[in-house]
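Reproduced below: protein_34.cif, with mmCIF, C-alpha atoms; chains and numbers go by the auth columns.
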```cif
data_input
#
loop_
_atom_site.group_PDB
_atom_site.id
_atom_site.type_symbol
_atom_site.label_atom_id
_atom_site.label_comp_id
_atom_site.label_asym_id
_atom_site.label_seq_id
_atom_site.Cartn_x
_atom_site.Cartn_y
_atom_site.Cartn_z
_atom_site.B_iso_or_equiv
_atom_site.auth_seq_id
_atom_site.auth_asym_id
ATOM 1 C CA MET A 1 122.045 66.447 70.674 0.00 1 A
ATOM 2 C CA ALA A 2 122.337 64.262 73.779 0.00 2 A
ATOM 3 C CA LEU A 3 125.579 66.000 74.682 0.00 3 A
ATOM 4 C CA ASN A 4 123.865 69.379 74.431 0.00 4 A
ATOM 5 C CA ILE A 5 121.167 68.163 76.803 0.00 5 A
ATOM 6 C CA LEU A 6 123.819 66.965 79.207 0.00 6 A
ATOM 7 C CA LYS A 7 125.544 70.345 79.021 0.00 7 A
ATOM 8 C CA GLN A 8 122.304 72.204 79.688 0.00 8 A
ATOM 9 C CA ILE A 9 121.378 70.023 82.632 0.00 9 A
ATOM 10 C CA ALA A 10 124.780 69.971 84.226 0.00 10 A
ATOM 11 C CA GLY A 11 125.637 73.586 83.491 0.00 11 A
ATOM 12 C CA HIS A 12 129.307 72.599 83.248 0.00 12 A
ATOM 13 C CA GLY A 13 129.759 72.177 79.506 0.00 13 A
ATOM 14 C CA ARG A 14 133.540 72.285 79.540 0.00 14 A
ATOM 15 C CA HIS A 15 133.752 69.334 81.930 0.00 15 A
ATOM 16 C CA LEU A 16 131.280 67.272 79.945 0.00 16 A
ATOM 17 C CA THR A 17 133.081 67.942 76.681 0.00 17 A
ATOM 18 C CA ARG A 18 136.258 66.400 78.061 0.00 18 A
ATOM 19 C CA SER A 19 134.429 63.391 79.450 0.00 19 A
ATOM 20 C CA SER A 20 131.982 62.985 76.576 0.00 20 A
ATOM 21 C CA GLN A 21 134.211 60.289 75.092 0.00 21 A
ATOM 22 C CA TYR A 22 132.833 57.980 77.778 0.00 22 A
ATOM 23 C CA PHE A 23 129.289 58.518 76.487 0.00 23 A
ATOM 24 C CA ARG A 24 129.959 57.797 72.809 0.00 24 A
ATOM 25 C CA GLY A 25 128.312 54.647 71.515 0.00 25 A
ATOM 26 C CA SER A 26 125.918 54.496 74.411 0.00 26 A
ATOM 27 C CA THR A 27 122.349 53.955 73.355 0.00 27 A
ATOM 28 C CA ARG A 28 120.968 55.564 76.481 0.00 28 A
ATOM 29 C CA ILE A 29 122.908 58.458 77.828 0.00 29 A
ATOM 30 C CA LEU A 30 120.449 60.157 80.106 0.00 30 A
ATOM 31 C CA SER A 31 116.856 59.878 81.094 0.00 31 A
ATOM 32 C CA ILE A 32 115.326 63.278 81.712 0.00 32 A
ATOM 33 C CA GLY A 33 111.852 61.907 82.476 0.00 33 A
ATOM 34 C CA GLN A 34 110.490 61.553 85.957 0.00 34 A
ATOM 35 C CA PRO A 35 111.501 58.396 87.786 0.00 35 A
ATOM 36 C CA ALA A 36 108.969 55.605 87.913 0.00 36 A
ATOM 37 C CA LEU A 37 107.665 55.759 91.433 0.00 37 A
ATOM 38 C CA SER A 38 106.352 52.597 92.969 0.00 38 A
ATOM 39 C CA LYS A 39 102.621 52.940 93.204 0.00 39 A
ATOM 40 C CA LYS A 40 100.633 51.591 96.085 0.00 40 A
ATOM 41 C CA GLU A 41 98.966 48.254 95.461 0.00 41 A
ATOM 42 C CA VAL A 42 95.413 47.343 96.341 0.00 42 A
ATOM 43 C CA GLU A 43 93.919 43.878 96.672 0.00 43 A
ATOM 44 C CA ILE A 44 90.916 42.862 94.602 0.00 44 A
ATOM 45 C CA THR A 45 88.895 39.651 94.902 0.00 45 A
ATOM 46 C CA PHE A 46 87.107 38.284 91.846 0.00 46 A
ATOM 47 C CA LEU A 47 84.174 36.032 92.789 0.00 47 A
ATOM 48 C CA LYS A 48 83.476 33.484 90.075 0.00 48 A
ATOM 49 C CA ALA A 49 79.962 32.141 89.557 0.00 49 A
ATOM 50 C CA ASN A 50 81.064 28.717 90.859 0.00 50 A
ATOM 51 C CA GLY A 51 82.013 30.288 94.214 0.00 51 A
ATOM 52 C CA GLU A 52 85.763 30.309 93.614 0.00 52 A
ATOM 53 C CA LYS A 53 87.563 33.421 94.855 0.00 53 A
ATOM 54 C CA LEU A 54 90.546 34.749 92.954 0.00 54 A
ATOM 55 C CA LYS A 55 92.621 37.323 94.819 0.00 55 A
ATOM 56 C CA ALA A 56 94.981 39.631 92.994 0.00 56 A
ATOM 57 C CA LYS A 57 96.834 42.872 93.510 0.00 57 A
ATOM 58 C CA GLY A 58 96.942 45.829 91.208 0.00 58 A
ATOM 59 C CA LYS A 59 98.590 49.206 91.272 0.00 59 A
ATOM 60 C CA ILE A 60 96.597 52.367 91.692 0.00 60 A
ATOM 61 C CA GLY A 61 95.958 53.698 88.194 0.00 61 A
ATOM 62 C CA ASP A 62 95.671 50.228 86.628 0.00 62 A
ATOM 63 C CA SER A 63 92.340 49.016 85.277 0.00 63 A
ATOM 64 C CA LEU A 64 90.630 45.892 86.580 0.00 64 A
ATOM 65 C CA LEU A 65 91.438 44.339 83.201 0.00 65 A
ATOM 66 C CA ASP A 66 95.124 45.062 83.871 0.00 66 A
ATOM 67 C CA VAL A 67 94.825 43.304 87.227 0.00 67 A
ATOM 68 C CA VAL A 68 93.393 40.161 85.624 0.00 68 A
ATOM 69 C CA VAL A 69 95.960 40.097 82.825 0.00 69 A
ATOM 70 C CA ASN A 70 98.995 40.979 84.965 0.00 70 A
ATOM 71 C CA SER A 71 98.006 38.401 87.589 0.00 71 A
ATOM 72 C CA ASN A 72 97.303 35.665 85.014 0.00 72 A
ATOM 73 C CA LEU A 73 93.903 34.992 86.576 0.00 73 A
ATOM 74 C CA ASP A 74 91.927 32.100 85.149 0.00 74 A
ATOM 75 C CA LEU A 75 88.951 34.003 83.734 0.00 75 A
ATOM 76 C CA ASP A 76 88.296 32.419 80.358 0.00 76 A
ATOM 77 C CA GLY A 77 87.924 34.971 77.568 0.00 77 A
ATOM 78 C CA PHE A 78 88.162 37.957 79.911 0.00 78 A
ATOM 79 C CA GLY A 79 89.289 41.101 78.094 0.00 79 A
ATOM 80 C CA ALA A 80 89.301 39.640 74.605 0.00 80 A
ATOM 81 C CA CYS A 81 89.469 43.080 72.961 0.00 81 A
ATOM 82 C CA GLU A 82 92.359 44.120 75.235 0.00 82 A
ATOM 83 C CA GLY A 83 90.500 47.118 76.621 0.00 83 A
ATOM 84 C CA THR A 84 89.516 48.754 73.344 0.00 84 A
ATOM 85 C CA LEU A 85 85.858 48.867 74.390 0.00 85 A
ATOM 86 C CA THR A 86 84.735 46.648 71.511 0.00 86 A
ATOM 87 C CA CYS A 87 83.537 43.625 73.479 0.00 87 A
ATOM 88 C CA SER A 88 81.845 42.868 76.775 0.00 88 A
ATOM 89 C CA THR A 89 84.067 40.038 77.999 0.00 89 A
ATOM 90 C CA CYS A 90 85.384 41.970 81.007 0.00 90 A
ATOM 91 C CA HIS A 91 81.860 42.419 82.387 0.00 91 A
ATOM 92 C CA LEU A 92 81.880 42.597 86.187 0.00 92 A
ATOM 93 C CA ILE A 93 79.125 43.078 88.736 0.00 93 A
ATOM 94 C CA PHE A 94 79.836 45.425 91.645 0.00 94 A
ATOM 95 C CA PRO A 95 78.209 45.630 95.061 0.00 95 A
ATOM 96 C CA LYS A 96 75.693 48.502 95.016 0.00 96 A
ATOM 97 C CA ASP A 97 77.570 50.614 97.569 0.00 97 A
ATOM 98 C CA THR A 98 80.809 50.295 95.574 0.00 98 A
ATOM 99 C CA TYR A 99 79.092 50.950 92.248 0.00 99 A
ATOM 100 C CA ASP A 100 77.664 54.195 93.596 0.00 100 A
ATOM 101 C CA THR A 101 81.119 55.434 94.631 0.00 101 A
ATOM 102 C CA LEU A 102 83.031 54.620 91.428 0.00 102 A
ATOM 103 C CA PRO A 103 84.817 57.784 90.269 0.00 103 A
ATOM 104 C CA ASN A 104 83.502 57.723 86.692 0.00 104 A
ATOM 105 C CA LYS A 105 80.070 56.886 85.404 0.00 105 A
ATOM 106 C CA PRO A 106 79.852 54.591 82.355 0.00 106 A
ATOM 107 C CA SER A 107 80.186 56.279 78.981 0.00 107 A
ATOM 108 C CA ASP A 108 77.658 55.751 76.185 0.00 108 A
ATOM 109 C CA GLU A 109 80.148 53.407 74.478 0.00 109 A
ATOM 110 C CA GLU A 110 80.496 51.316 77.623 0.00 110 A
ATOM 111 C CA LEU A 111 76.714 51.173 78.061 0.00 111 A
ATOM 112 C CA ASP A 112 76.356 49.989 74.453 0.00 112 A
ATOM 113 C CA MET A 113 78.787 47.129 75.114 0.00 113 A
ATOM 114 C CA LEU A 114 77.146 46.284 78.437 0.00 114 A
ATOM 115 C CA ASP A 115 73.810 45.900 76.628 0.00 115 A
ATOM 116 C CA LEU A 116 75.380 42.886 74.912 0.00 116 A
ATOM 117 C CA ALA A 117 76.686 41.270 78.121 0.00 117 A
ATOM 118 C CA TYR A 118 75.142 38.204 79.766 0.00 118 A
ATOM 119 C CA ASP A 119 73.739 38.526 83.302 0.00 119 A
ATOM 120 C CA LEU A 120 73.544 42.305 83.001 0.00 120 A
ATOM 121 C CA CYS A 121 72.336 44.107 86.132 0.00 121 A
ATOM 122 C CA ASP A 122 72.106 47.648 87.495 0.00 122 A
ATOM 123 C CA THR A 123 75.634 47.519 88.931 0.00 123 A
ATOM 124 C CA SER A 124 77.389 46.048 85.883 0.00 124 A
ATOM 125 C CA ARG A 125 80.533 47.678 84.510 0.00 125 A
ATOM 126 C CA LEU A 126 83.326 46.695 82.157 0.00 126 A
ATOM 127 C CA GLY A 127 86.572 45.993 83.980 0.00 127 A
ATOM 128 C CA CYS A 128 88.616 47.776 81.323 0.00 128 A
ATOM 129 C CA GLN A 129 86.876 51.015 82.261 0.00 129 A
ATOM 130 C CA ILE A 130 87.386 50.809 86.024 0.00 130 A
ATOM 131 C CA ILE A 131 90.615 52.410 87.213 0.00 131 A
ATOM 132 C CA LEU A 132 91.914 51.387 90.625 0.00 132 A
ATOM 133 C CA THR A 133 91.924 53.905 93.428 0.00 133 A
ATOM 134 C CA GLU A 134 93.193 53.575 96.969 0.00 134 A
ATOM 135 C CA GLN A 135 89.583 53.328 98.182 0.00 135 A
ATOM 136 C CA MET A 136 89.146 50.076 96.207 0.00 136 A
ATOM 137 C CA ASP A 137 91.518 48.112 98.435 0.00 137 A
ATOM 138 C CA GLY A 138 89.664 44.950 99.477 0.00 138 A
ATOM 139 C CA LEU A 139 87.068 45.264 96.717 0.00 139 A
ATOM 140 C CA GLU A 140 85.118 42.125 95.786 0.00 140 A
ATOM 141 C CA VAL A 141 83.506 41.951 92.351 0.00 141 A
ATOM 142 C CA MET A 142 81.412 39.200 90.799 0.00 142 A
ATOM 143 C CA VAL A 143 82.367 37.654 87.485 0.00 143 A
ATOM 144 C CA PRO A 144 79.340 36.428 85.497 0.00 144 A
ATOM 145 C CA ALA A 145 79.157 32.732 84.634 0.00 145 A
ATOM 146 C CA THR A 146 79.291 33.341 80.897 0.00 146 A
ATOM 147 C CA ILE A 147 80.730 35.943 78.606 0.00 147 A
ATOM 148 C CA ASN A 148 79.522 37.366 75.349 0.00 148 A
ATOM 149 C CA ASP A 149 82.156 38.598 72.954 0.00 149 A
ATOM 150 C CA ALA A 150 80.300 41.369 71.141 0.00 150 A
ATOM 151 C CA ARG A 151 82.807 41.137 68.274 0.00 151 A
ATOM 152 C CA SER A 152 81.567 37.651 67.281 0.00 152 A
#
```
Conversion result in C-alpha cells:
Amino acid sequence: MALNILKQIAGHGRHLTRSSQYFRGSTRILSIGQPALSKKEVEITFLKANGEKLKAKGKIGDSLLDVVVNSNLDLDGFGACEGTLTCSTCHLIFPKDTYDTLPNKPSDEELDMLDLAYDLCDTSRLGCQIILTEQMDGLEVMVPATINDARS
C-alpha cells in the first residue's frame, strides 16, 4: 500500500518500483500529512496569591493548562483532571478587560465546575478552557490561593 501511495505522489511508478527495495523494512516510508509548522509563542505570567510571579511561554493554540504543564510550573494540584472539565483546579482569575475579550464564553459545563471553585469571581475561568491567541502575549492571570478538586 505504501508503495502505491509513493507511486501516486511521485507519478513515476516505474522508477519507484526499481528503487522500492530501499524502502522495504522501513517502518515509516513517507509522511503525507502537513509539516508541523512552528507556532508563535506568547508569554503568560501567573500571579500566585503569595505575590510570586511565574512566567512561561506557550504556543498559540495551546490551553493555559498546557502552558502550566509543559513549563513545569509549581502550581500545586493545578489541572488534576488533565483538562477533562471534571474539576476546578485550573481556576484562574483574569483582569476584567482581558476577560471581556476572551474568544469563547464559558460553557455550561465550565460554569458548573467554576461554581465549585474557591475565590470565585466575575472574571474566573478554567485554564483548560482558555486557548492561547496572539493577542494574549503578555497576559497576567491570578492563581487563587487554594484549589478545590471537584472530584473529591
Show me a table, sorted first by chain and then by increasing residue number, of the residues of segment 26-93 of chain A having an atom at most 8 Å from segment 100-120 of chain A, each with its shortest atom pair and the distance in Å to one decimal, counting only C-alpha atoms and written as CSV.
```
residue,atom,partner,partner_atom,distance
A:Leu85,CA,A:Glu110,CA,6.7
A:Thr86,CA,A:Met113,CA,7.0
A:Cys87,CA,A:Met113,CA,6.1
A:Ser88,CA,A:Met113,CA,5.5
A:Thr89,CA,A:Ala117,CA,7.5
A:His91,CA,A:Ala117,CA,6.8
```
Exercise: Thr84 of chain A partners within 10 Å, all atoms listed in the file, chain neighbours under 4 positions left out, as a PyMOL selection string: chain A and resi 79-80+128-129
Surrounding residues of Asp62 of chain A excluding itself and chain neighbours under 4 positions, 8 Å, only C-alpha atoms, as a list in words: Gly58, Asp66, Val67, Ile131 and Leu132 of chain A
Could you give me the axis-aligned bounding box of segment 83-98 of chain A, with 6 Å of padding per side, as centre plus edge lengths in Å to one decimal, as JSON?
```
{"center_x": 83.1, "center_y": 45.3, "center_z": 84.5, "size_x": 26.8, "size_y": 22.6, "size_z": 38.1}
```
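Of the listed residues (A:Thr98, A:Pro144, A:Ser63, A:Ile93), A:Ser63 comes nearest to Ile130 of chain A; the distances count all atoms listed in the file.
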One-decimal distance in Å that lies between atom CA of Leu65 of chain A and atom CA of Gly83 of chain A: 7.2 Å
One-decimal distance in Å that lies between atom CA of Thr133 of chain A and atom CA of Asp149 of chain A: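 Here the two named atoms are 27.4 Å from each other.
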Counting all atoms listed in the file, the residue of A:Gly127, A:Ile147, A:Leu139, A:Lys39 that sits nearest Glu82 of chain A: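 Among the listed residues, the smallest separation from Glu82 of chain A belongs to A:Gly127.
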Which of A:Met136, A:Cys81, A:Val143, A:Val69 sits closest to Glu43 of chain A [using all atoms listed in the file]: A:Met136
Matched chain/residue IDs from the PyMOL selection byres ((chain A and resi 56) around 12), as a list in words: Glu41, Val42, Glu43, Ile44, Thr45, Phe46, Leu47, Lys53, Leu54, Lys55, Lys57, Gly58, Lys59, Leu64, Leu65, Asp66, Val67, Val68, Val69, Asn70, Ser71, Asn72, Leu73, Asp74, Asp137, Gly138, Leu139, Glu140 and Val141 of chain A
Atom CA of Leu126 of chain A to atom CA of Thr146 of chain A, distance in Å rounded to a single decimal: 14.0 Å
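Of the residues listed (A:Glu134, A:Cys121, A:Ala49, A:Asp76), A:Cys121 shows the shortest atom-to-atom separation from Tyr99 of chain A; distances use only C-alpha atoms.
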Output segment 75-99 of chain A as a compact mmCIF listing (two decimals), in the coordinates of the input, making sure N, CA, C and O atoms are there.
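Now in result_1.txt:
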```txt
# COMPACT_ATOMS: atom_id res chain seq x y z
N LEU A 75 90.28 33.53 84.10
CA LEU A 75 88.95 34.00 83.73
C LEU A 75 88.85 33.88 82.22
O LEU A 75 89.28 34.76 81.48
N ASP A 76 88.32 32.77 81.78
CA ASP A 76 88.30 32.42 80.36
C ASP A 76 87.67 33.52 79.50
O ASP A 76 86.54 33.93 79.74
N GLY A 77 88.42 34.00 78.52
CA GLY A 77 87.92 34.97 77.57
C GLY A 77 87.88 36.40 78.07
O GLY A 77 87.52 37.31 77.32
N PHE A 78 88.25 36.63 79.31
CA PHE A 78 88.16 37.96 79.91
C PHE A 78 89.06 38.93 79.17
O PHE A 78 90.24 38.69 78.99
N GLY A 79 88.50 40.06 78.74
CA GLY A 79 89.29 41.10 78.09
C GLY A 79 89.75 40.77 76.70
O GLY A 79 90.85 41.14 76.30
N ALA A 80 88.91 40.09 75.95
CA ALA A 80 89.30 39.64 74.60
C ALA A 80 89.72 40.78 73.68
O ALA A 80 90.60 40.60 72.84
N CYS A 81 89.13 41.95 73.84
CA CYS A 81 89.47 43.08 72.96
C CYS A 81 90.62 43.92 73.52
O CYS A 81 90.96 44.95 72.95
N GLU A 82 91.21 43.47 74.61
CA GLU A 82 92.36 44.12 75.24
C GLU A 82 92.07 45.56 75.66
O GLU A 82 92.92 46.43 75.59
N GLY A 83 90.85 45.80 76.09
CA GLY A 83 90.50 47.12 76.62
C GLY A 83 90.15 48.17 75.60
O GLY A 83 90.15 49.36 75.92
N THR A 84 89.85 47.78 74.39
CA THR A 84 89.52 48.75 73.34
C THR A 84 88.03 49.10 73.31
O THR A 84 87.59 49.83 72.43
N LEU A 85 87.29 48.59 74.26
CA LEU A 85 85.86 48.87 74.39
C LEU A 85 85.06 48.40 73.16
O LEU A 85 84.17 49.07 72.67
N THR A 86 85.44 47.22 72.65
CA THR A 86 84.74 46.65 71.51
C THR A 86 84.16 45.27 71.81
O THR A 86 83.74 44.56 70.91
N CYS A 87 84.17 44.88 73.08
CA CYS A 87 83.54 43.62 73.48
C CYS A 87 82.97 43.80 74.88
O CYS A 87 83.09 44.87 75.47
N SER A 88 82.39 42.78 75.42
CA SER A 88 81.84 42.87 76.78
C SER A 88 82.37 41.73 77.65
O SER A 88 81.76 41.37 78.64
N THR A 89 83.54 41.21 77.29
CA THR A 89 84.07 40.04 78.00
C THR A 89 84.64 40.35 79.38
O THR A 89 84.86 39.45 80.16
N CYS A 90 84.88 41.62 79.68
CA CYS A 90 85.38 41.97 81.01
C CYS A 90 84.26 42.49 81.90
O CYS A 90 84.49 43.24 82.85
N HIS A 91 83.04 42.04 81.61
CA HIS A 91 81.86 42.42 82.39
C HIS A 91 82.02 41.96 83.83
O HIS A 91 82.33 40.81 84.11
N LEU A 92 81.82 42.88 84.76
CA LEU A 92 81.88 42.60 86.19
C LEU A 92 80.65 43.19 86.87
O LEU A 92 80.10 44.18 86.40
N ILE A 93 80.27 42.59 87.98
CA ILE A 93 79.12 43.08 88.74
C ILE A 93 79.63 43.55 90.10
O ILE A 93 80.26 42.79 90.84
N PHE A 94 79.36 44.80 90.42
CA PHE A 94 79.84 45.42 91.64
C PHE A 94 78.76 45.42 92.72
O PHE A 94 77.57 45.50 92.41
N PRO A 95 79.18 45.40 93.98
CA PRO A 95 78.21 45.63 95.06
C PRO A 95 77.63 47.04 94.90
O PRO A 95 78.33 47.96 94.45
N LYS A 96 76.38 47.22 95.23
CA LYS A 96 75.69 48.50 95.02
C LYS A 96 76.44 49.67 95.66
O LYS A 96 76.62 50.72 95.02
N ASP A 97 76.89 49.51 96.90
CA ASP A 97 77.57 50.61 97.57
C ASP A 97 78.87 50.99 96.87
O ASP A 97 79.24 52.17 96.79
N THR A 98 79.58 50.02 96.32
CA THR A 98 80.81 50.30 95.57
C THR A 98 80.48 50.95 94.24
O THR A 98 81.12 51.93 93.84
N TYR A 99 79.49 50.41 93.55
CA TYR A 99 79.09 50.95 92.25
C TYR A 99 78.77 52.45 92.36
O TYR A 99 79.18 53.24 91.52
```
